[in-house]
$ cat protein.cif   # mmCIF, C-alpha atoms
data_work
#
loop_
_atom_site.group_PDB
_atom_site.id
_atom_site.type_symbol
_atom_site.label_atom_id
_atom_site.label_comp_id
_atom_site.auth_asym_id
_atom_site.auth_seq_id
_atom_site.Cartn_x
_atom_site.Cartn_y
_atom_site.Cartn_z
ATOM 1 C CA MET A 1 46.539 28.617 18.566
ATOM 2 C CA GLY A 2 47.993 27.498 21.889
ATOM 3 C CA ALA A 3 46.860 28.331 25.394
ATOM 4 C CA SER A 4 48.427 31.806 25.412
ATOM 5 C CA GLY A 5 46.779 32.688 22.112
ATOM 6 C CA ILE A 6 43.373 31.440 23.220
ATOM 7 C CA ILE A 7 43.381 33.516 26.389
ATOM 8 C CA GLY A 8 45.465 36.374 24.974
ATOM 9 C CA SER A 9 43.032 37.186 22.191
ATOM 10 C CA LEU A 10 40.266 37.370 24.811
ATOM 11 C CA VAL A 11 42.371 39.829 26.793
ATOM 12 C CA ASP A 12 43.078 41.885 23.662
ATOM 13 C CA GLN A 13 39.431 41.570 22.579
ATOM 14 C CA ASN A 14 40.669 40.306 19.229
ATOM 15 C CA SER A 15 38.887 36.984 19.348
ATOM 16 C CA GLY A 16 35.948 38.103 17.194
ATOM 17 C CA ALA A 17 33.386 35.447 16.401
ATOM 18 C CA ALA A 18 35.297 32.704 18.214
ATOM 19 C CA THR A 19 34.870 34.307 21.654
ATOM 20 C CA SER A 20 32.322 31.805 22.965
ATOM 21 C CA GLU A 21 34.443 28.853 21.819
ATOM 22 C CA ARG A 22 37.462 30.288 23.590
ATOM 23 C CA VAL A 23 35.520 30.820 26.795
ATOM 24 C CA ALA A 24 34.141 27.264 26.576
ATOM 25 C CA PHE A 25 37.656 25.873 26.027
ATOM 26 C CA LEU A 26 39.026 27.764 29.046
ATOM 27 C CA PHE A 27 36.041 26.788 31.199
ATOM 28 C CA ALA A 28 36.605 23.080 30.511
ATOM 29 C CA LEU A 29 40.364 23.534 30.961
ATOM 30 C CA VAL A 30 39.683 24.602 34.559
ATOM 31 C CA LEU A 31 36.713 22.316 35.248
ATOM 32 C CA VAL A 32 38.207 18.961 34.235
ATOM 33 C CA PRO A 33 41.413 19.223 36.350
ATOM 34 C CA ALA A 34 39.177 20.344 39.245
ATOM 35 C CA LEU A 35 37.058 17.178 38.874
ATOM 36 C CA LEU A 36 40.159 15.001 38.501
ATOM 37 C CA GLN A 37 41.583 16.618 41.597
ATOM 38 C CA ILE A 38 38.609 15.334 43.600
ATOM 39 C CA GLY A 39 39.170 11.793 42.346
ATOM 40 C CA SER A 40 42.958 11.661 42.513
ATOM 41 C CA PRO A 41 44.644 14.586 44.253
ATOM 42 C CA VAL A 42 48.159 15.158 42.954
ATOM 43 C CA ASP A 43 51.036 17.193 44.248
ATOM 44 C CA ILE A 44 50.244 20.504 42.618
ATOM 45 C CA VAL A 45 51.258 24.121 42.466
ATOM 46 C CA THR A 46 53.891 24.606 45.143
ATOM 47 C CA ILE A 47 53.453 27.652 47.331
ATOM 48 C CA GLN A 48 55.857 30.347 46.150
ATOM 49 C CA PRO A 49 57.035 33.645 47.603
ATOM 50 C CA PRO A 50 54.932 36.526 46.243
ATOM 51 C CA LEU A 51 57.592 38.686 44.576
ATOM 52 C CA PRO A 52 59.000 36.029 42.187
ATOM 53 C CA LEU A 53 55.448 34.847 41.607
ATOM 54 C CA ILE A 54 54.300 38.272 40.439
ATOM 55 C CA CYS A 55 57.444 38.868 38.334
ATOM 56 C CA ALA A 56 57.092 35.446 36.709
ATOM 57 C CA GLY A 57 53.421 35.970 35.906
ATOM 58 C CA ILE A 58 54.127 39.306 34.245
ATOM 59 C CA CYS A 59 57.125 37.870 32.321
ATOM 60 C CA VAL A 60 55.038 34.956 31.039
ATOM 61 C CA GLY A 61 52.150 37.252 30.096
ATOM 62 C CA ILE A 62 54.294 39.788 28.229
ATOM 63 C CA GLY A 63 56.623 37.178 26.732
ATOM 64 C CA THR A 64 53.968 34.903 25.280
ATOM 65 C CA ARG A 65 52.093 37.846 23.744
ATOM 66 C CA ILE A 66 55.203 39.421 22.228
ATOM 67 C CA ALA A 67 56.497 36.086 20.908
ATOM 68 C CA ASN A 68 52.944 35.101 19.974
ATOM 69 C CA GLY A 69 53.105 31.648 21.529
ATOM 70 C CA CYS A 70 53.891 29.487 24.547
ATOM 71 C CA THR A 71 54.576 25.804 25.234
ATOM 72 C CA SER A 72 51.411 24.597 23.522
ATOM 73 C CA GLY A 73 51.563 27.045 20.591
ATOM 74 C CA HIS A 74 55.243 27.178 19.652
ATOM 75 C CA GLY A 75 56.212 23.968 21.441
ATOM 76 C CA VAL A 76 53.493 21.589 20.292
ATOM 77 C CA CYS A 77 51.524 23.147 17.418
ATOM 78 C CA ASP A 78 54.525 24.741 15.655
ATOM 79 C CA ILE A 79 57.235 22.118 16.154
ATOM 80 C CA SER A 80 54.838 19.431 14.890
ATOM 81 C CA ARG A 81 54.689 21.213 11.518
ATOM 82 C CA PHE A 82 58.474 21.820 11.551
ATOM 83 C CA SER A 83 58.073 25.593 11.816
ATOM 84 C CA VAL A 84 61.446 27.295 12.237
ATOM 85 C CA ARG A 85 59.818 30.033 14.344
ATOM 86 C CA GLY A 86 58.396 27.431 16.711
ATOM 87 C CA ILE A 87 61.685 25.572 17.030
ATOM 88 C CA VAL A 88 63.669 28.778 17.650
ATOM 89 C CA ALA A 89 61.138 30.013 20.231
ATOM 90 C CA THR A 90 61.093 26.669 22.051
ATOM 91 C CA VAL A 91 64.886 26.426 22.197
ATOM 92 C CA ILE A 92 65.063 29.996 23.555
ATOM 93 C CA TYR A 93 62.456 29.607 26.286
ATOM 94 C CA ILE A 94 63.799 26.238 27.415
ATOM 95 C CA VAL A 95 67.370 27.598 27.561
ATOM 96 C CA ALA A 96 66.126 30.678 29.468
ATOM 97 C CA GLY A 97 64.196 28.423 31.861
ATOM 98 C CA VAL A 98 67.213 26.160 32.410
ATOM 99 C CA LEU A 99 69.455 29.164 33.146
ATOM 100 C CA ILE A 100 66.929 30.637 35.599
ATOM 101 C CA VAL A 101 66.542 27.322 37.441
ATOM 102 C CA PHE A 102 70.357 27.024 37.525
ATOM 103 C CA ALA A 103 70.590 30.544 38.976
ATOM 104 C CA LEU A 104 67.827 29.784 41.490
ATOM 105 C CA ARG A 105 69.722 26.722 42.685
ATOM 106 C CA LEU A 106 72.868 28.815 43.174
ATOM 107 C CA ILE A 107 70.963 31.479 45.109
ATOM 108 C CA VAL A 108 68.457 29.532 47.187
ATOM 109 C CA GLY A 109 69.920 26.022 47.028
ATOM 110 C CA GLU A 110 67.335 23.257 46.868
ATOM 111 C CA LEU A 111 64.193 24.139 44.937
ATOM 112 C CA MET B 1 28.435 21.986 18.034
ATOM 113 C CA ARG B 2 31.455 24.302 17.983
ATOM 114 C CA ILE B 3 30.963 25.099 21.676
ATOM 115 C CA LEU B 4 30.712 21.402 22.484
ATOM 116 C CA LEU B 5 33.936 20.657 20.611
ATOM 117 C CA ALA B 6 35.648 23.570 22.371
ATOM 118 C CA LEU B 7 34.506 22.195 25.747
ATOM 119 C CA LEU B 8 35.758 18.748 24.780
ATOM 120 C CA SER B 9 39.136 20.099 23.592
ATOM 121 C CA GLY B 10 39.616 22.242 26.691
ATOM 122 C CA GLY B 11 38.641 19.353 28.936
ATOM 123 C CA LEU B 12 40.999 16.926 27.192
ATOM 124 C CA PHE B 13 43.811 19.486 27.330
ATOM 125 C CA GLY B 14 43.153 20.074 31.041
ATOM 126 C CA ALA B 15 43.042 16.349 31.788
ATOM 127 C CA GLY B 16 46.286 15.852 29.864
ATOM 128 C CA LEU B 17 48.059 18.636 31.733
ATOM 129 C CA HIS B 18 46.803 17.315 35.060
ATOM 130 C CA ILE B 19 47.652 13.649 34.491
ATOM 131 C CA SER B 20 51.028 14.290 32.842
ATOM 132 C CA GLY B 21 52.227 16.562 35.636
ATOM 133 C CA MET B 22 52.542 19.782 33.632
ATOM 134 C CA THR B 23 50.580 21.520 36.390
ATOM 135 C CA ASP B 24 53.089 20.321 38.999
ATOM 136 C CA THR B 25 55.437 23.297 39.288
ATOM 137 C CA GLY B 26 58.092 21.281 41.126
ATOM 138 C CA LYS B 27 58.197 18.741 38.314
ATOM 139 C CA VAL B 28 58.480 21.493 35.691
ATOM 140 C CA GLN B 29 61.420 23.026 37.538
ATOM 141 C CA GLU B 30 63.044 19.583 37.816
ATOM 142 C CA PHE B 31 62.660 19.279 34.025
ATOM 143 C CA LEU B 32 64.477 22.595 33.609
ATOM 144 C CA ASP B 33 67.119 21.609 36.184
ATOM 145 C CA LEU B 34 69.485 20.286 33.531
ATOM 146 C CA PHE B 35 72.588 20.861 35.674
ATOM 147 C CA GLY B 36 71.036 19.356 38.816
ATOM 148 C CA ALA B 37 68.690 16.464 39.443
ATOM 149 C CA TRP B 38 67.262 16.526 35.917
ATOM 150 C CA ASN B 39 63.870 14.899 35.536
ATOM 151 C CA ALA B 40 63.344 14.322 31.819
ATOM 152 C CA THR B 41 59.807 12.926 32.019
ATOM 153 C CA LEU B 42 58.080 16.108 30.807
ATOM 154 C CA ALA B 43 60.042 15.892 27.547
ATOM 155 C CA PHE B 44 57.910 12.831 26.809
ATOM 156 C CA VAL B 45 54.764 14.855 27.458
ATOM 157 C CA MET B 46 55.823 17.395 24.861
ATOM 158 C CA GLY B 47 57.008 14.682 22.491
ATOM 159 C CA GLY B 48 53.784 12.776 23.043
ATOM 160 C CA ALA B 49 51.759 15.860 22.173
ATOM 161 C CA ILE B 50 53.837 16.627 19.076
ATOM 162 C CA VAL B 51 53.243 13.202 17.476
ATOM 163 C CA PRO B 52 49.413 13.322 17.145
ATOM 164 C CA MET B 53 49.639 17.007 16.226
ATOM 165 C CA ALA B 54 52.112 16.199 13.430
ATOM 166 C CA ILE B 55 49.696 13.578 12.110
ATOM 167 C CA ALA B 56 46.876 16.127 12.288
ATOM 168 C CA TRP B 57 48.905 18.688 10.276
ATOM 169 C CA ARG B 58 49.493 15.980 7.649
ATOM 170 C CA MET B 59 45.767 15.340 7.378
ATOM 171 C CA ILE B 60 44.729 18.992 7.088
ATOM 172 C CA PRO B 61 45.601 19.809 3.442
ATOM 173 C CA GLY B 62 42.544 19.396 1.225
ATOM 174 C CA ARG B 63 40.158 19.010 4.154
ATOM 175 C CA SER B 64 37.974 21.401 6.096
ATOM 176 C CA PRO B 65 36.994 21.267 9.784
ATOM 177 C CA LEU B 66 33.892 19.202 10.650
ATOM 178 C CA ALA B 67 32.512 22.140 12.605
ATOM 179 C CA GLY B 68 32.877 24.572 9.711
ATOM 180 C CA GLY B 69 35.304 27.399 9.020
ATOM 181 C CA THR B 70 38.907 26.776 8.032
ATOM 182 C CA PHE B 71 41.940 25.409 9.821
ATOM 183 C CA ALA B 72 44.092 28.193 11.254
ATOM 184 C CA VAL B 73 47.609 27.775 9.897
ATOM 185 C CA PRO B 74 50.096 30.423 11.079
ATOM 186 C CA GLN B 75 51.509 32.378 8.144
ATOM 187 C CA GLU B 76 54.308 34.211 9.941
ATOM 188 C CA HIS B 77 57.791 32.951 9.039
ATOM 189 C CA ARG B 78 60.082 35.778 10.137
ATOM 190 C CA LEU B 79 62.478 35.283 13.005
ATOM 191 C CA ASP B 80 62.219 38.744 14.529
ATOM 192 C CA ASN B 81 63.295 40.411 17.750
ATOM 193 C CA LYS B 82 59.793 40.076 19.148
ATOM 194 C CA LEU B 83 59.937 36.286 18.894
ATOM 195 C CA ILE B 84 63.370 36.136 20.526
ATOM 196 C CA LEU B 85 62.763 38.693 23.292
ATOM 197 C CA GLY B 86 59.278 37.356 24.029
ATOM 198 C CA SER B 87 60.495 33.759 24.274
ATOM 199 C CA LEU B 88 63.347 34.857 26.547
ATOM 200 C CA LEU B 89 60.923 36.628 28.903
ATOM 201 C CA PHE B 90 58.554 33.684 28.825
ATOM 202 C CA GLY B 91 61.373 31.238 29.648
ATOM 203 C CA ILE B 92 62.498 33.375 32.589
ATOM 204 C CA GLY B 93 58.989 33.422 34.058
ATOM 205 C CA TRP B 94 58.469 29.737 33.363
ATOM 206 C CA GLY B 95 61.702 28.742 35.108
ATOM 207 C CA LEU B 96 61.088 31.062 38.047
ATOM 208 C CA ILE B 97 57.768 29.508 39.080
ATOM 209 C CA GLY B 98 57.205 26.491 36.832
ATOM 210 C CA LEU B 99 53.948 27.602 35.239
ATOM 211 C CA CYS B 100 53.300 28.279 31.558
ATOM 212 C CA PRO B 101 49.952 29.627 30.279
ATOM 213 C CA GLY B 102 48.023 26.332 29.851
ATOM 214 C CA PRO B 103 48.844 24.933 33.307
ATOM 215 C CA ALA B 104 48.457 28.434 34.800
ATOM 216 C CA ILE B 105 44.823 28.449 33.641
ATOM 217 C CA ALA B 106 44.301 24.857 34.785
ATOM 218 C CA SER B 107 45.858 25.674 38.160
ATOM 219 C CA LEU B 108 42.856 27.895 38.946
ATOM 220 C CA SER B 109 40.963 24.660 39.559
ATOM 221 C CA TYR B 110 43.093 23.748 42.558
ATOM 222 C CA GLY B 111 41.908 26.732 44.539
ATOM 223 C CA GLY B 112 45.327 27.756 45.822
ATOM 224 C CA TRP B 113 46.258 31.433 45.764
ATOM 225 C CA THR B 114 49.624 30.736 44.063
ATOM 226 C CA GLY B 115 47.928 29.779 40.805
ATOM 227 C CA ALA B 116 45.428 32.625 41.095
ATOM 228 C CA VAL B 117 48.103 35.296 41.646
ATOM 229 C CA PHE B 118 50.154 33.920 38.753
ATOM 230 C CA PHE B 119 47.094 33.834 36.516
ATOM 231 C CA ILE B 120 46.110 37.430 37.303
ATOM 232 C CA THR B 121 49.642 38.794 36.839
ATOM 233 C CA MET B 122 49.893 36.846 33.573
ATOM 234 C CA LEU B 123 46.733 38.574 32.344
ATOM 235 C CA VAL B 124 48.211 41.931 33.373
ATOM 236 C CA GLY B 125 51.328 41.090 31.344
ATOM 237 C CA MET B 126 49.196 40.128 28.357
ATOM 238 C CA LEU B 127 47.308 43.419 28.665
ATOM 239 C CA ILE B 128 50.422 45.609 28.750
ATOM 240 C CA ALA B 129 52.349 43.688 26.055
ATOM 241 C CA PRO B 130 50.718 45.476 23.056
ATOM 242 C CA PHE B 131 51.521 48.888 24.589
ATOM 243 C CA MET B 132 55.159 47.890 25.103
ATOM 244 C CA VAL B 133 55.436 46.686 21.504
ATOM 245 C CA ARG B 134 53.954 49.974 20.257
ATOM 246 C CA ARG B 135 56.358 52.005 22.411
ATOM 247 C CA VAL B 136 59.394 50.119 21.107
ATOM 248 C CA ASP B 137 58.171 50.379 17.505
ATOM 249 C CA GLU B 138 57.796 54.141 17.955
ATOM 250 C CA MET B 139 61.322 54.427 19.333
ATOM 251 C CA TYR B 140 62.754 52.775 16.223
ATOM 252 C CA THR B 141 60.634 54.567 13.653
ATOM 253 C CA ARG B 142 61.236 58.044 15.127
ATOM 254 C CA PRO B 143 63.266 60.120 12.605
#
$ encode --input "protein.cif" --output "structure tokens"
Amino acid sequence: MGASGIIGSLVDQNSGAATSERVAFLFALVLVPALLQIGSPVDIVTIQPPLPLICAGICVGIGTRIANGCTSGHGVCDISRFSVRGIVATVIYIVAGVLIVFALRLIVGEL
Amino acid sequence: MRILLALLSGGLFGAGLHISGMTDTGKVQEFLDLFGAWNATLAFVMGGAIVPMAIAWRMIPGRSPLAGGTFAVPQEHRLDNKLILGSLLFGIGWGLIGLCPGPAIASLSYGGWTGAVFFITMLVGMLIAPFMVRRVDEMYTRP
């Protein structure tokens, strides 16, 4: 239902009849920020060292598929219908994120 | 019609992520920096998204989508290890770089290699996740 589900079911080839809708959604999700970027460039994705970048990408990919949701799925779609699963997932990933950022600050100082 | 609505939804989602700063990895990490210089603004993005979605959930019962089909309402209610472990892993990756799946896809538009590498490794993770789940299931069901 969220971003990870929309792209994840394409990866798993589980999207069935909704494949073209999913592709269209993802296409516009890339296109519109690209157009906005021309009009009003914002401070965007900071350049990161490759090793944490790769680890983080794999963690996010595996994690959102195993938990079956990410910020938009569990965080927005699930919390808004008072789903206990969504609330538990969101609390866990925010706490994990806070702890990692805390650890990063201890190790590398300023982010 | 369905394709058009999907384009519109994806575009709106992308514009929202861009304007609100969810694609700004520094800002995301500041939001998670609860014990440092905490920047709470992204909480309002999430809160702001939850409100219209809550109204939409209220309107769904007894209606069907304009574009046909049915509304997808998740039926899973169990709090299992997969949910907990998966969310933990996701949170670790999110905190490490500041990208979650939606903004990671949107970040492809900026042309930088950081977003592209993250996106590709995220897809790799999504590809291997089902195999990991199967492996763990096998370990527990083995007599």
$ atom_distance --input "protein.cif" --atom1 "atom CA of Gly125 of chain B" --atom2 "atom CA of Val88 of chain A"
22.2 Å
$ resolve_selection --input "protein.cif" --expression "the PyMOL selection byres ((chain A) within 7 of (chain B))" --output "PyMOL selection string"
chain A and resi 3-4+8+11-12+20-21+24-26+28-34+43-48+52-54+56-67+70-71+76-77+80-81+85+89+92-94+96-98+100-102
$ atom_distance --input "protein.cif" --atom1 "atom CA of Gly5 of chain A" --atom2 "atom CA of Ala40 of chain B"
26.6 Å
$ atom_distance --input "protein.cif" --atom1 "atom CA of Gly109 of chain A" --atom2 "atom CA of Asn39 of chain B"
17.1 Å
$ axis_aligned_box --input "protein.cif" --around "segment 72-90 of chain B" --padding-each-side "3 Å" --output "lines of an AutoDock Vina configuration file"
center_x = 53.7
center_y = 34.1
center_z = 18.5
size_x = 25.3
size_y = 18.6
size_z = 26.8
$ decode --input "protein.cif" --residues "segment 2-129 of chain B" --atoms "C-alpha atoms" --output "short mmCIF file (atom, residue, chain, number, x, y, z; two decimals), in the first residue's frame"
data_model
loop_
_atom_site.label_atom_id
_atom_site.label_comp_id
_atom_site.auth_asym_id
_atom_site.auth_seq_id
_atom_site.Cartn_x
_atom_site.Cartn_y
_atom_site.Cartn_z
CA ARG B 2 -6.51 4.00 -13.71
CA ILE B 3 -3.11 4.82 -15.22
CA LEU B 4 -3.92 8.52 -15.16
CA LEU B 5 -4.93 8.35 -11.50
CA ALA B 6 -1.76 6.40 -10.70
CA LEU B 7 0.33 9.07 -12.46
CA LEU B 8 -1.51 11.78 -10.55
CA SER B 9 -1.05 9.99 -7.19
CA GLY B 10 2.63 9.31 -7.81
CA GLY B 11 3.19 12.89 -8.91
CA LEU B 12 1.39 14.33 -5.88
CA PHE B 13 3.31 11.99 -3.57
CA GLY B 14 6.60 13.01 -5.22
CA ALA B 15 5.77 16.71 -5.01
CA GLY B 16 4.82 16.30 -1.34
CA LEU B 17 8.05 14.50 -0.50
CA HIS B 18 10.08 17.11 -2.36
CA ILE B 19 8.39 20.19 -0.90
CA SER B 20 8.17 18.85 2.66
CA GLY B 21 11.84 17.92 2.80
CA MET B 22 11.44 14.15 3.16
CA THR B 23 13.97 13.75 0.35
CA ASP B 24 16.50 15.87 2.26
CA THR B 25 18.59 13.23 4.03
CA GLY B 26 20.17 15.77 6.39
CA LYS B 27 16.74 16.92 7.54
CA VAL B 28 15.61 13.32 8.10
CA GLN B 29 18.66 12.63 10.24
CA GLU B 30 18.02 15.84 12.20
CA PHE B 31 14.48 14.56 12.83
CA LEU B 32 15.93 11.33 14.22
CA ASP B 33 18.55 13.24 16.23
CA LEU B 34 16.39 13.29 19.35
CA PHE B 35 19.38 13.59 21.70
CA GLY B 36 21.09 16.30 19.63
CA ALA B 37 19.84 19.24 17.62
CA TRP B 38 16.37 17.75 17.13
CA ASN B 39 14.43 19.14 14.20
CA ALA B 40 10.80 18.14 14.71
CA THR B 41 9.42 19.57 11.47
CA LEU B 42 9.11 16.21 9.68
CA ALA B 43 6.74 15.01 12.41
CA PHE B 44 4.29 17.54 10.98
CA VAL B 45 4.75 16.03 7.52
CA MET B 46 3.77 12.62 8.84
CA GLY B 47 0.97 14.09 10.95
CA GLY B 48 -0.21 16.12 7.98
CA ALA B 49 -0.34 12.99 5.84
CA ILE B 50 -2.16 10.97 8.50
CA VAL B 51 -5.07 13.44 8.80
CA PRO B 52 -6.41 13.27 5.20
CA MET B 53 -5.70 9.53 5.15
CA ALA B 54 -7.76 9.06 8.33
CA ILE B 55 -10.63 10.95 6.71
CA ALA B 56 -10.28 8.76 3.61
CA TRP B 57 -10.46 5.56 5.71
CA ARG B 58 -13.65 6.92 7.31
CA MET B 59 -15.20 7.47 3.90
CA ILE B 60 -14.32 4.05 2.47
CA PRO B 61 -16.94 1.78 4.12
CA GLY B 62 -19.92 1.30 1.80
CA ARG B 63 -18.19 2.91 -1.17
CA SER B 64 -16.18 1.59 -4.08
CA PRO B 65 -13.29 3.25 -5.93
CA LEU B 66 -14.22 5.56 -8.83
CA ALA B 67 -11.76 3.72 -11.05
CA GLY B 68 -13.23 0.30 -10.30
CA GLY B 69 -12.04 -2.61 -8.19
CA THR B 70 -12.12 -2.52 -4.41
CA PHE B 71 -10.22 -0.60 -1.76
CA ALA B 72 -7.26 -2.59 -0.44
CA VAL B 73 -7.61 -2.84 3.32
CA PRO B 74 -4.83 -4.82 5.05
CA GLN B 75 -6.22 -7.84 6.87
CA GLU B 76 -3.14 -8.82 8.85
CA HIS B 77 -3.42 -8.12 12.59
CA ARG B 78 -0.70 -10.29 14.12
CA LEU B 79 2.30 -8.70 15.76
CA ASP B 80 4.91 -11.22 14.65
CA ASN B 81 8.69 -11.42 14.65
CA LYS B 82 8.78 -10.47 10.99
CA LEU B 83 7.12 -7.12 11.70
CA ILE B 84 9.47 -6.39 14.60
CA LEU B 85 12.71 -7.55 12.98
CA GLY B 86 11.84 -5.96 9.63
CA SER B 87 10.99 -2.61 11.23
CA LEU B 88 14.23 -2.73 13.24
CA LEU B 89 16.29 -3.31 10.08
CA PHE B 90 14.39 -0.62 8.23
CA GLY B 91 14.96 1.89 11.06
CA ILE B 92 18.69 1.14 11.10
CA GLY B 93 18.99 1.78 7.37
CA TRP B 94 16.79 4.85 7.55
CA GLY B 95 18.85 6.41 10.34
CA LEU B 96 22.16 5.53 8.69
CA ILE B 97 21.50 7.44 5.47
CA GLY B 98 18.20 9.27 5.91
CA LEU B 99 16.31 7.67 3.04
CA CYS B 100 13.17 5.54 3.25
CA PRO B 101 11.62 3.86 0.18
CA GLY B 102 9.40 6.72 -1.11
CA PRO B 103 12.11 9.41 -1.00
CA ALA B 104 14.68 6.85 -2.23
CA ILE B 105 12.63 6.43 -5.42
CA ALA B 106 12.08 10.18 -5.72
CA SER B 107 15.79 10.80 -5.19
CA LEU B 108 16.49 9.17 -8.57
CA SER B 109 15.22 12.41 -10.09
CA TYR B 110 18.10 14.43 -8.68
CA GLY B 111 20.66 12.56 -10.72
CA GLY B 112 23.16 12.09 -7.91
CA TRP B 113 24.81 8.70 -7.51
CA THR B 114 24.01 8.56 -3.76
CA GLY B 115 20.31 8.12 -4.43
CA ALA B 116 20.96 5.70 -7.29
CA VAL B 117 23.25 3.44 -5.23
CA PHE B 118 20.77 3.45 -2.35
CA PHE B 119 17.90 2.67 -4.70
CA ILE B 120 19.71 -0.26 -6.34
CA THR B 121 20.85 -1.76 -3.02
CA MET B 122 17.31 -1.35 -1.69
CA LEU B 123 16.00 -3.36 -4.65
CA VAL B 124 18.64 -6.02 -3.95
CA GLY B 125 17.43 -6.16 -0.34
CA MET B 126 13.83 -6.48 -1.49
CA LEU B 127 14.84 -9.31 -3.83
CA ILE B 128 16.67 -11.33 -1.17
CA ALA B 129 14.11 -10.74 1.62
#
